[in-house]
>>> print(open('entry.txt').read())   # compact mmCIF, C-alpha atoms
# COMPACT_ATOMS: atom_id res chain seq x y z
CA MET A 590 -23.78 -10.24 -23.73
CA LEU A 591 -26.91 -9.29 -25.70
CA ASN A 592 -28.54 -12.62 -24.76
CA GLU A 593 -27.75 -12.00 -21.10
CA PHE A 594 -29.34 -8.56 -21.36
CA LYS A 595 -32.46 -10.05 -22.99
CA ALA A 596 -32.69 -12.64 -20.21
CA PHE A 597 -32.29 -9.90 -17.59
CA ILE A 598 -35.02 -7.74 -19.11
CA ALA A 599 -37.38 -10.70 -19.55
CA ARG A 600 -37.23 -11.57 -15.85
CA GLY A 601 -40.39 -10.78 -13.92
CA ASN A 602 -38.61 -8.67 -11.31
CA VAL A 603 -37.49 -6.11 -13.87
CA MET A 604 -40.99 -5.74 -15.27
CA ASP A 605 -42.44 -5.44 -11.75
CA LEU A 606 -39.89 -2.73 -11.00
CA ALA A 607 -40.75 -0.85 -14.19
CA VAL A 608 -44.46 -0.95 -13.38
CA GLY A 609 -43.71 0.19 -9.82
CA VAL A 610 -41.67 3.16 -11.05
CA ILE A 611 -44.39 4.24 -13.47
CA ILE A 612 -47.16 3.90 -10.87
CA GLY A 613 -44.94 5.63 -8.31
CA GLY A 614 -44.43 8.59 -10.64
CA ALA A 615 -48.15 8.94 -11.19
CA PHE A 616 -48.79 8.57 -7.46
CA GLY A 617 -46.19 11.26 -6.78
CA GLY A 618 -48.18 13.62 -9.01
CA ILE A 619 -51.33 12.87 -7.04
CA VAL A 620 -49.57 13.56 -3.74
CA LYS A 621 -48.08 16.79 -5.12
CA SER A 622 -51.54 17.97 -6.14
CA LEU A 623 -52.93 16.96 -2.73
CA VAL A 624 -50.27 18.99 -0.95
CA ASP A 625 -50.32 22.02 -3.29
CA ASP A 626 -54.06 22.23 -3.90
CA VAL A 627 -55.61 20.90 -0.68
CA ILE A 628 -53.26 20.77 2.32
CA MET A 629 -51.20 23.93 1.80
CA PRO A 630 -54.25 26.21 1.34
CA ILE A 631 -55.74 24.78 4.56
CA VAL A 632 -52.44 25.28 6.40
CA GLY A 633 -52.28 28.81 5.00
CA ALA A 634 -55.82 29.55 6.18
CA ILE A 635 -55.11 28.20 9.68
CA PHE A 636 -51.85 30.13 10.09
CA GLY A 637 -53.05 33.43 8.68
CA GLY A 638 -52.76 32.98 4.94
CA PHE A 639 -49.06 32.39 4.50
CA ASP A 640 -47.92 30.48 1.46
CA PHE A 641 -44.75 28.39 1.59
CA SER A 642 -44.18 28.69 -2.15
CA ASN A 643 -43.12 32.35 -1.86
CA TYR A 644 -40.71 31.89 1.02
CA PHE A 645 -37.22 32.59 -0.26
CA ILE A 646 -33.99 34.39 0.53
CA GLY A 647 -32.34 36.46 -2.17
CA LEU A 648 -28.68 35.59 -2.59
CA SER A 649 -27.79 38.89 -4.19
CA SER A 650 -28.65 42.50 -3.46
CA ASN A 651 -30.54 42.74 -6.77
CA VAL A 652 -33.31 40.44 -5.54
CA ASN A 653 -36.16 42.44 -4.00
CA ALA A 654 -39.27 40.95 -5.64
CA PRO A 655 -42.25 39.86 -3.51
CA THR A 656 -42.82 36.54 -5.31
CA LEU A 657 -40.48 33.64 -5.98
CA ALA A 658 -41.06 33.67 -9.74
CA ALA A 659 -40.16 37.36 -9.99
CA ALA A 660 -37.20 36.95 -7.64
CA ARG A 661 -35.77 34.15 -9.78
CA GLN A 662 -35.79 36.52 -12.74
CA GLN A 663 -33.80 39.06 -10.73
CA GLY A 664 -31.09 36.68 -9.54
CA ALA A 665 -30.19 33.68 -7.44
CA VAL A 666 -32.55 32.77 -4.61
CA LEU A 667 -32.66 30.17 -1.87
CA ALA A 668 -36.25 28.89 -2.20
CA TYR A 669 -36.71 27.24 1.19
CA GLY A 670 -40.51 27.42 0.87
CA SER A 671 -40.38 25.07 -2.10
CA PHE A 672 -38.23 22.73 -0.02
CA ILE A 673 -40.80 22.76 2.78
CA THR A 674 -43.52 21.85 0.27
CA VAL A 675 -41.43 18.99 -1.15
CA LEU A 676 -40.69 17.78 2.39
CA ILE A 677 -44.40 17.73 3.19
CA ASN A 678 -45.01 15.82 -0.08
CA PHE A 679 -42.42 13.26 0.97
CA LEU A 680 -43.86 12.83 4.46
CA ILE A 681 -47.37 12.32 3.11
CA LEU A 682 -46.14 9.85 0.50
CA ALA A 683 -44.09 7.95 3.09
CA TRP A 684 -47.11 7.83 5.45
CA ILE A 685 -49.40 6.50 2.71
CA ILE A 686 -46.87 3.84 1.70
CA PHE A 687 -46.45 2.87 5.37
CA LEU A 688 -50.22 2.44 5.72
CA MET A 689 -50.38 0.38 2.52
CA VAL A 690 -47.54 -1.93 3.62
CA LYS A 691 -49.06 -2.26 7.09
CA GLY A 692 -52.43 -3.19 5.55
CA LEU A 693 -50.82 -5.75 3.26
CA ASN A 694 -48.89 -7.27 6.17
CA THR A 695 -52.09 -7.52 8.21
CA MET A 696 -53.89 -9.22 5.31
CA GLN A 697 -50.97 -11.63 4.85
CA LYS A 698 -51.01 -12.55 8.55
CA GLN A 699 -54.77 -13.19 8.42
CA MET A 700 -54.37 -15.37 5.33
CA ASP A 701 -51.57 -17.33 7.03
CA LYS A 702 -53.76 -17.87 10.11
CA GLN A 703 -56.63 -19.10 7.92
CA LYS A 704 -54.33 -21.53 6.12
CA LYS A 705 -53.04 -22.91 9.42
CA ALA A 706 -56.52 -23.11 10.96
CA ALA A 707 -58.14 -24.85 8.00
CA PRO A 708 -57.40 -28.57 7.99
CA ALA A 709 -55.86 -29.85 4.81
CA GLU A 710 -58.59 -31.38 2.73
CA VAL A 711 -57.76 -34.91 1.62
CA GLN A 712 -58.83 -35.34 -1.95
CA PRO A 713 -60.39 -38.75 -2.66
CA THR A 714 -58.45 -40.85 -5.11
CA PRO A 715 -60.13 -40.84 -8.53
CA ALA A 716 -61.86 -44.10 -9.50
CA ASP A 717 -59.66 -44.70 -12.55
CA VAL A 718 -56.52 -44.46 -10.41
CA VAL A 719 -57.98 -46.91 -7.87
CA LEU A 720 -58.85 -49.34 -10.68
CA LEU A 721 -55.39 -49.08 -12.24
CA THR A 722 -53.78 -49.62 -8.83
CA GLU A 723 -55.84 -52.80 -8.32
CA ILE A 724 -54.89 -54.09 -11.77
CA ARG A 725 -51.22 -53.40 -11.05
CA ASP A 726 -51.43 -55.26 -7.74
CA LEU A 727 -53.19 -58.25 -9.38
CA LEU A 728 -50.54 -58.40 -12.10
CA ALA A 729 -47.79 -58.28 -9.49
CA LYS A 730 -49.32 -61.31 -7.66
CA ARG A 731 -49.57 -63.40 -10.86
CA PRO A 732 -46.81 -65.98 -11.25
CA ALA A 733 -44.14 -65.12 -13.79
CA VAL A 734 -44.30 -67.08 -17.07
>>> encode(input="entry.txt", output="structure tokens")
Amino acid sequence: MLNEFKAFIARGNVMDLAVGVIIGGAFGGIVKSLVDDVIMPIVGAIFGGFDFSNYFIGLSSNVNAPTLAAARQQGAVLAYGSFITVLINFLILAWIIFLMVKGLNTMQKQMDKQKKAAPAEVQPTPADVVLLTEIRDLLAKRPAV
């Protein structure tokens, strides 16, 4: 079983997946920063300065704080503003991945068209192969001894 596991790990697909997960995690951080630090402040400025991060509903009567961090210290809260931010992160990430896949598909189609349009180049037979072929043919014509 250990050998099977080693063979599984050594396969290229597993390594590609690992690299994809690591890059995806880093990319997720970039998108989170884009949403939190760039998009949400612009949205807040357009719609009168509201901030999704402090939108919450207190689930007990003890919760009366104005900010989410303070409200969480007072009791249970339903932080729907955080959910909205995560949803926007997801939509941006999905859009970027869609654009990347679309671009790759377009490039692949162009490469396929170029391969079909370009005639297959016939490589000339090397001189040593031609010479060896002639010798073989001459030997085949010689009477058997």
>>> closest_atom_pairs(input="entry.txt", of="range 596-660 of chain A", to="range 665-677 of chain A", cutoff="7 Å", atoms="all atoms listed in the file", output="tab-separated table")
residue	atom	partner	partner_atom	distance
A:Phe641	CA	A:Gly670	CA	4.4
A:Ser642	CA	A:Gly670	CA	4.9
A:Asn643	CA	A:Gly670	CA	6.2
A:Tyr644	CA	A:Gly670	CA	4.5
A:Phe645	CA	A:Ala668	CA	4.3
A:Ile646	CA	A:Leu667	CA	5.0
A:Gly647	CA	A:Val666	CA	4.4
A:Leu648	CA	A:Val666	CA	5.2
A:Ser649	CA	A:Ala665	CA	6.6
A:Ala660	CA	A:Val666	CA	6.9
>>> write_last_selection(input="entry.txt", atoms="C-alpha atoms", output="compact mmCIF listing (two decimals), in the coordinates of the input")
# COMPACT_ATOMS: atom_id res chain seq x y z
CA PHE A 641 -44.75 28.39 1.59
CA SER A 642 -44.18 28.69 -2.15
CA ASN A 643 -43.12 32.35 -1.86
CA TYR A 644 -40.71 31.89 1.02
CA PHE A 645 -37.22 32.59 -0.26
CA ILE A 646 -33.99 34.39 0.53
CA GLY A 647 -32.34 36.46 -2.17
CA LEU A 648 -28.68 35.59 -2.59
CA SER A 649 -27.79 38.89 -4.19
CA ALA A 660 -37.20 36.95 -7.64
>>> atom_distance(input="entry.txt", atom1="CA of Gly617 in chain A", atom2="CA of Ile686 in chain A")
11.3 Å
>>> atom_distance(input="entry.txt", atom1="CA of Pro630 in chain A", atom2="CA of Phe679 in chain A")
17.5 Å
>>> atom_distance(input="entry.txt", atom1="CA of Ile635 in chain A", atom2="CA of Ile681 in chain A")
18.8 Å
>>> closest_residue(input="entry.txt", among="A:Arg725, A:Pro713, A:Asn678, A:Thr656", to="Met629 in chain A", atoms="only C-alpha atoms")
A:Asn678
>>> closest_residue(input="entry.txt", among="A:Ile612, A:Met696, A:Met590, A:Val620", to="Trp684 in chain A", atoms="only C-alpha atoms")
A:Val620
>>> closest_residue(input="entry.txt", among="A:Ala634, A:Leu682, A:Val718, A:Ile724", to="Gly618 in chain A", atoms="only C-alpha atoms")
A:Leu682
>>> decode(input="entry.txt", residues="range 622-639 of chain A", atoms="N, CA and C atoms", output="tab-separated table (two decimals), in the first residue's frame")
chain	number	residue	atom	x	y	z
A	622	SER	N	-8.06	41.30	-0.65
A	622	SER	CA	-7.53	42.65	-0.48
A	622	SER	C	-8.16	43.61	-1.49
A	623	LEU	N	-8.34	43.16	-2.72
A	623	LEU	CA	-8.98	44.00	-3.74
A	623	LEU	C	-10.38	44.40	-3.31
A	624	VAL	N	-11.14	43.44	-2.81
A	624	VAL	CA	-12.51	43.74	-2.39
A	624	VAL	C	-12.51	44.63	-1.15
A	625	ASP	N	-11.75	44.24	-0.11
A	625	ASP	CA	-11.76	44.97	1.15
A	625	ASP	C	-11.15	46.36	1.05
A	626	ASP	N	-10.06	46.49	0.30
A	626	ASP	CA	-9.29	47.73	0.30
A	626	ASP	C	-9.57	48.65	-0.88
A	627	VAL	N	-10.16	48.12	-1.95
A	627	VAL	CA	-10.39	48.95	-3.14
A	627	VAL	C	-11.88	49.05	-3.47
A	628	ILE	N	-12.53	47.92	-3.67
A	628	ILE	CA	-13.92	47.94	-4.16
A	628	ILE	C	-14.90	48.40	-3.09
A	629	MET	N	-14.80	47.84	-1.88
A	629	MET	CA	-15.78	48.19	-0.85
A	629	MET	C	-15.70	49.67	-0.45
A	630	PRO	N	-14.53	50.28	-0.33
A	630	PRO	CA	-14.52	51.72	-0.05
A	630	PRO	C	-15.17	52.55	-1.17
A	631	ILE	N	-14.98	52.13	-2.42
A	631	ILE	CA	-15.61	52.84	-3.54
A	631	ILE	C	-17.13	52.67	-3.47
A	632	VAL	N	-17.57	51.44	-3.22
A	632	VAL	CA	-19.02	51.18	-3.09
A	632	VAL	C	-19.57	52.00	-1.93
A	633	GLY	N	-18.83	52.04	-0.82
A	633	GLY	CA	-19.27	52.83	0.33
A	633	GLY	C	-19.38	54.31	0.01
A	634	ALA	N	-18.42	54.82	-0.77
A	634	ALA	CA	-18.44	56.24	-1.14
A	634	ALA	C	-19.62	56.55	-2.07
A	635	ILE	N	-19.91	55.64	-2.99
A	635	ILE	CA	-21.01	55.84	-3.94
A	635	ILE	C	-22.36	55.81	-3.21
A	636	PHE	N	-22.51	54.88	-2.28
A	636	PHE	CA	-23.80	54.70	-1.61
A	636	PHE	C	-23.88	55.40	-0.25
A	637	GLY	N	-23.08	56.41	-0.05
A	637	GLY	CA	-23.22	57.22	1.15
A	637	GLY	C	-22.38	56.75	2.33
A	638	GLY	N	-21.34	56.03	2.10
A	638	GLY	CA	-20.41	55.71	3.17
A	638	GLY	C	-20.75	54.48	3.98
A	639	PHE	N	-21.68	53.64	3.54
A	639	PHE	CA	-21.94	52.47	4.35
A	639	PHE	C	-20.85	51.43	4.17
